[in-house]
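Report on one structure; see the data block that follows.
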Amino acid sequence: MEFVVRRFEPNDIKSLANLEKECFSRPWSEESLLTEFSKRNLFCFVAISLQNSKIIGYIGCYYVLDECYITNLAVSSLVRGQGTGRALVEEVLKEAMQRNFAFVTLEVRASNIVAI
């Protein structure tokens with residue numbers, strides 16, 4: 001599937017909340033996402049399908065000084081394994097290099113082989 005990656009916009013919240021429900025057993029609500037993504041030390045990117053203009057993935061990060069922490073990475077089950085997650089992580093890495101961050105990290109359960 002072809003897609004583009006762009007910065008998060010506040011009107012993306014509903015789509016992100018729906019993606020959270022699809023991907024996680026304890027999803028963030030629209031309100032929680034909006035509160036989180038309005039913080040100054042946080043940035044987020046979304047992947048949008050060129051086929052239907054729907055959000056198919058997102059990645060959120062917060063940073064402290066020169067440290068970057070990926071808080072969430074979600075990709076729709078309909079497009080997993082097609083490079084969406086990789087493209088989102090690569091976008092974060094580009095941003096991290098531009099900001100001269102010392103590192104970027106993502107905690108992953110040992111059982112999450114796909115994420116690893």
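Simple scheme: letters A, B, ... for chains in structure tokens order, numbers from 1 for residues in each chain, numbers from 1 for ligands in the order shown.
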
Considering only strand (DSSP E) as DSSP defines it on the backbone, what residues of chain A qualify? List them as a count of residues only. 35

Which of chain A DSSP labels helix (DSSP H, G or I), written as a PyMOL selection string: chain A and resi 10-23+30-37+84-98

Please save C-alpha atoms of the selected residues as a PDB file, in the first residue's frame.
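Output file out.pdb is given in full below:
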```pdb
ATOM      1  CA  PRO A  10      -5.108  18.117  15.962  1.00  0.00           C
ATOM      2  CA  ASN A  11      -7.941  17.035  13.653  1.00  0.00           C
ATOM      3  CA  ASP A  12      -6.233  13.597  13.427  1.00  0.00           C
ATOM      4  CA  ILE A  13      -7.228  12.750  17.016  1.00  0.00           C
ATOM      5  CA  LYS A  14     -10.379  10.778  16.222  1.00  0.00           C
ATOM      6  CA  SER A  15      -8.528   8.575  13.715  1.00  0.00           C
ATOM      7  CA  LEU A  16      -5.681   8.020  16.172  1.00  0.00           C
ATOM      8  CA  ALA A  17      -8.138   7.028  18.913  1.00  0.00           C
ATOM      9  CA  ASN A  18      -9.760   4.524  16.544  1.00  0.00           C
ATOM     10  CA  LEU A  19      -6.343   3.119  15.653  1.00  0.00           C
ATOM     11  CA  GLU A  20      -5.538   2.841  19.370  1.00  0.00           C
ATOM     12  CA  LYS A  21      -8.716   0.769  19.872  1.00  0.00           C
ATOM     13  CA  GLU A  22      -7.740  -1.515  17.007  1.00  0.00           C
ATOM     14  CA  CYS A  23      -4.131  -2.011  18.111  1.00  0.00           C
ATOM     15  CA  GLU A  30      -9.355  10.967  22.285  1.00  0.00           C
ATOM     16  CA  GLU A  31      -9.088  13.223  25.329  1.00  0.00           C
ATOM     17  CA  SER A  32      -5.872  11.568  26.531  1.00  0.00           C
ATOM     18  CA  LEU A  33      -4.309  11.761  23.080  1.00  0.00           C
ATOM     19  CA  LEU A  34      -5.228  15.410  22.663  1.00  0.00           C
ATOM     20  CA  THR A  35      -3.828  16.271  26.093  1.00  0.00           C
ATOM     21  CA  GLU A  36      -0.654  14.333  25.429  1.00  0.00           C
ATOM     22  CA  PHE A  37      -0.071  15.673  21.916  1.00  0.00           C
ATOM     23  CA  THR A  84       4.435   1.611   7.511  1.00  0.00           C
ATOM     24  CA  GLY A  85       5.991   1.152  10.943  1.00  0.00           C
ATOM     25  CA  ARG A  86       9.498   1.299   9.517  1.00  0.00           C
ATOM     26  CA  ALA A  87       8.692   4.548   7.665  1.00  0.00           C
ATOM     27  CA  LEU A  88       7.303   6.107  10.852  1.00  0.00           C
ATOM     28  CA  VAL A  89      10.399   5.139  12.852  1.00  0.00           C
ATOM     29  CA  GLU A  90      12.648   6.474  10.080  1.00  0.00           C
ATOM     30  CA  GLU A  91      10.793   9.807  10.215  1.00  0.00           C
ATOM     31  CA  VAL A  92      11.420   9.998  13.955  1.00  0.00           C
ATOM     32  CA  LEU A  93      15.098   9.206  13.409  1.00  0.00           C
ATOM     33  CA  LYS A  94      15.353  12.030  10.851  1.00  0.00           C
ATOM     34  CA  GLU A  95      13.739  14.420  13.326  1.00  0.00           C
ATOM     35  CA  ALA A  96      16.088  13.209  16.060  1.00  0.00           C
ATOM     36  CA  MET A  97      19.136  13.858  13.876  1.00  0.00           C
ATOM     37  CA  GLN A  98      17.904  17.364  13.032  1.00  0.00           C
TER      38      GLN A  98
END
```

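Take CA of Ser38 (chain A) and CA of Phe101 (chain A): the distance between them is 20.7 Å.
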
List every residue of region 33-75 of chain A that has an atom at most 12 Å from any atom of region 108-116 of chain A, and for each one report the closest atom pair and its distance in Å to one decimal, counting only C-alpha atoms, with rows sorted by chain and then by increasing residue number, as a tab-separated table.
```
residue	atom	partner	partner_atom	distance
A:Tyr69	CA	A:Val108	CA	11.9
A:Ile70	CA	A:Val108	CA	10.3
A:Thr71	CA	A:Val108	CA	10.3
A:Asn72	CA	A:Val108	CA	10.1
A:Leu73	CA	A:Ala115	CA	9.1
A:Ala74	CA	A:Ala115	CA	10.2
A:Val75	CA	A:Ala115	CA	10.7
```

Could you turn the residues from that selection into a file that holds all heavy atoms, as a PDB file, in the first residue's frame?
```
ATOM      1  N   TYR A  69      12.074   9.558  23.417  1.00  0.00           N
ATOM      2  CA  TYR A  69      11.390   8.326  23.807  1.00  0.00           C
ATOM      3  C   TYR A  69      10.138   8.140  22.951  1.00  0.00           C
ATOM      4  O   TYR A  69       9.252   8.993  22.960  1.00  0.00           O
ATOM      5  CB  TYR A  69      10.988   8.383  25.282  1.00  0.00           C
ATOM      6  CG  TYR A  69      12.169   8.586  26.194  1.00  0.00           C
ATOM      7  CD1 TYR A  69      12.594   9.866  26.537  1.00  0.00           C
ATOM      8  CD2 TYR A  69      12.883   7.498  26.682  1.00  0.00           C
ATOM      9  CE1 TYR A  69      13.698  10.056  27.347  1.00  0.00           C
ATOM     10  CE2 TYR A  69      13.988   7.677  27.496  1.00  0.00           C
ATOM     11  CZ  TYR A  69      14.395   8.957  27.831  1.00  0.00           C
ATOM     12  OH  TYR A  69      15.489   9.144  28.631  1.00  0.00           O
ATOM     13  N   ILE A  70      10.068   7.042  22.225  1.00  0.00           N
ATOM     14  CA  ILE A  70       8.863   6.726  21.455  1.00  0.00           C
ATOM     15  C   ILE A  70       7.838   6.200  22.441  1.00  0.00           C
ATOM     16  O   ILE A  70       8.079   5.214  23.138  1.00  0.00           O
ATOM     17  CB  ILE A  70       9.153   5.695  20.349  1.00  0.00           C
ATOM     18  CG1 ILE A  70      10.168   6.272  19.353  1.00  0.00           C
ATOM     19  CG2 ILE A  70       7.863   5.285  19.650  1.00  0.00           C
ATOM     20  CD1 ILE A  70      10.654   5.278  18.316  1.00  0.00           C
ATOM     21  N   THR A  71       6.695   6.876  22.517  1.00  0.00           N
ATOM     22  CA  THR A  71       5.656   6.483  23.460  1.00  0.00           C
ATOM     23  C   THR A  71       4.711   5.458  22.856  1.00  0.00           C
ATOM     24  O   THR A  71       4.311   4.522  23.531  1.00  0.00           O
ATOM     25  CB  THR A  71       4.837   7.703  23.922  1.00  0.00           C
ATOM     26  OG1 THR A  71       4.290   8.353  22.769  1.00  0.00           O
ATOM     27  CG2 THR A  71       5.691   8.671  24.698  1.00  0.00           C
ATOM     28  N   ASN A  72       4.353   5.650  21.611  1.00  0.00           N
ATOM     29  CA  ASN A  72       3.434   4.736  20.939  1.00  0.00           C
ATOM     30  C   ASN A  72       3.765   4.636  19.463  1.00  0.00           C
ATOM     31  O   ASN A  72       4.130   5.628  18.835  1.00  0.00           O
ATOM     32  CB  ASN A  72       1.979   5.216  21.071  1.00  0.00           C
ATOM     33  CG  ASN A  72       1.275   4.605  22.240  1.00  0.00           C
ATOM     34  OD1 ASN A  72       1.871   3.889  23.033  1.00  0.00           O
ATOM     35  ND2 ASN A  72      -0.003   4.876  22.364  1.00  0.00           N
ATOM     36  N   LEU A  73       3.599   3.440  18.958  1.00  0.00           N
ATOM     37  CA  LEU A  73       3.709   3.175  17.532  1.00  0.00           C
ATOM     38  C   LEU A  73       2.568   2.228  17.205  1.00  0.00           C
ATOM     39  O   LEU A  73       2.488   1.131  17.774  1.00  0.00           O
ATOM     40  CB  LEU A  73       5.059   2.532  17.194  1.00  0.00           C
ATOM     41  CG  LEU A  73       5.258   2.029  15.770  1.00  0.00           C
ATOM     42  CD1 LEU A  73       5.076   3.130  14.752  1.00  0.00           C
ATOM     43  CD2 LEU A  73       6.640   1.405  15.629  1.00  0.00           C
ATOM     44  N   ALA A  74       1.670   2.666  16.352  1.00  0.00           N
ATOM     45  CA  ALA A  74       0.502   1.852  16.001  1.00  0.00           C
ATOM     46  C   ALA A  74       0.349   1.816  14.487  1.00  0.00           C
ATOM     47  O   ALA A  74       0.465   2.846  13.820  1.00  0.00           O
ATOM     48  CB  ALA A  74      -0.759   2.429  16.630  1.00  0.00           C
ATOM     49  N   VAL A  75       0.097   0.618  13.962  1.00  0.00           N
ATOM     50  CA  VAL A  75      -0.140   0.435  12.533  1.00  0.00           C
ATOM     51  C   VAL A  75      -1.376  -0.444  12.386  1.00  0.00           C
ATOM     52  O   VAL A  75      -1.496  -1.476  13.050  1.00  0.00           O
ATOM     53  CB  VAL A  75       1.076  -0.219  11.833  1.00  0.00           C
ATOM     54  CG1 VAL A  75       0.764  -0.528  10.372  1.00  0.00           C
ATOM     55  CG2 VAL A  75       2.300   0.676  11.945  1.00  0.00           C
TER      56      VAL A  75
END
```

Suppose you want the space between CA of Arg7 (chain A) and CA of Phe45 (chain A); what is it in Å? 4.4 Å

Shell around Cys68 (chain A) at 7 Å using only C-alpha atoms, local window under 3 positions removed, as a PyMOL selection string: chain A and resi 61-64+101+103-105

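Proximity to Gln51 (chain A) was assessed for A:Gln82, A:Ala102, A:Val4, A:Phe24 counting only C-alpha atoms; the smallest distance is recorded for A:Val4.
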
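For the set A:Ile55, A:Gly60, A:Asn100, A:Glu107, the residue with the smallest atom-to-atom gap to Ser76 (chain A) is A:Ile55, counting only C-alpha atoms.
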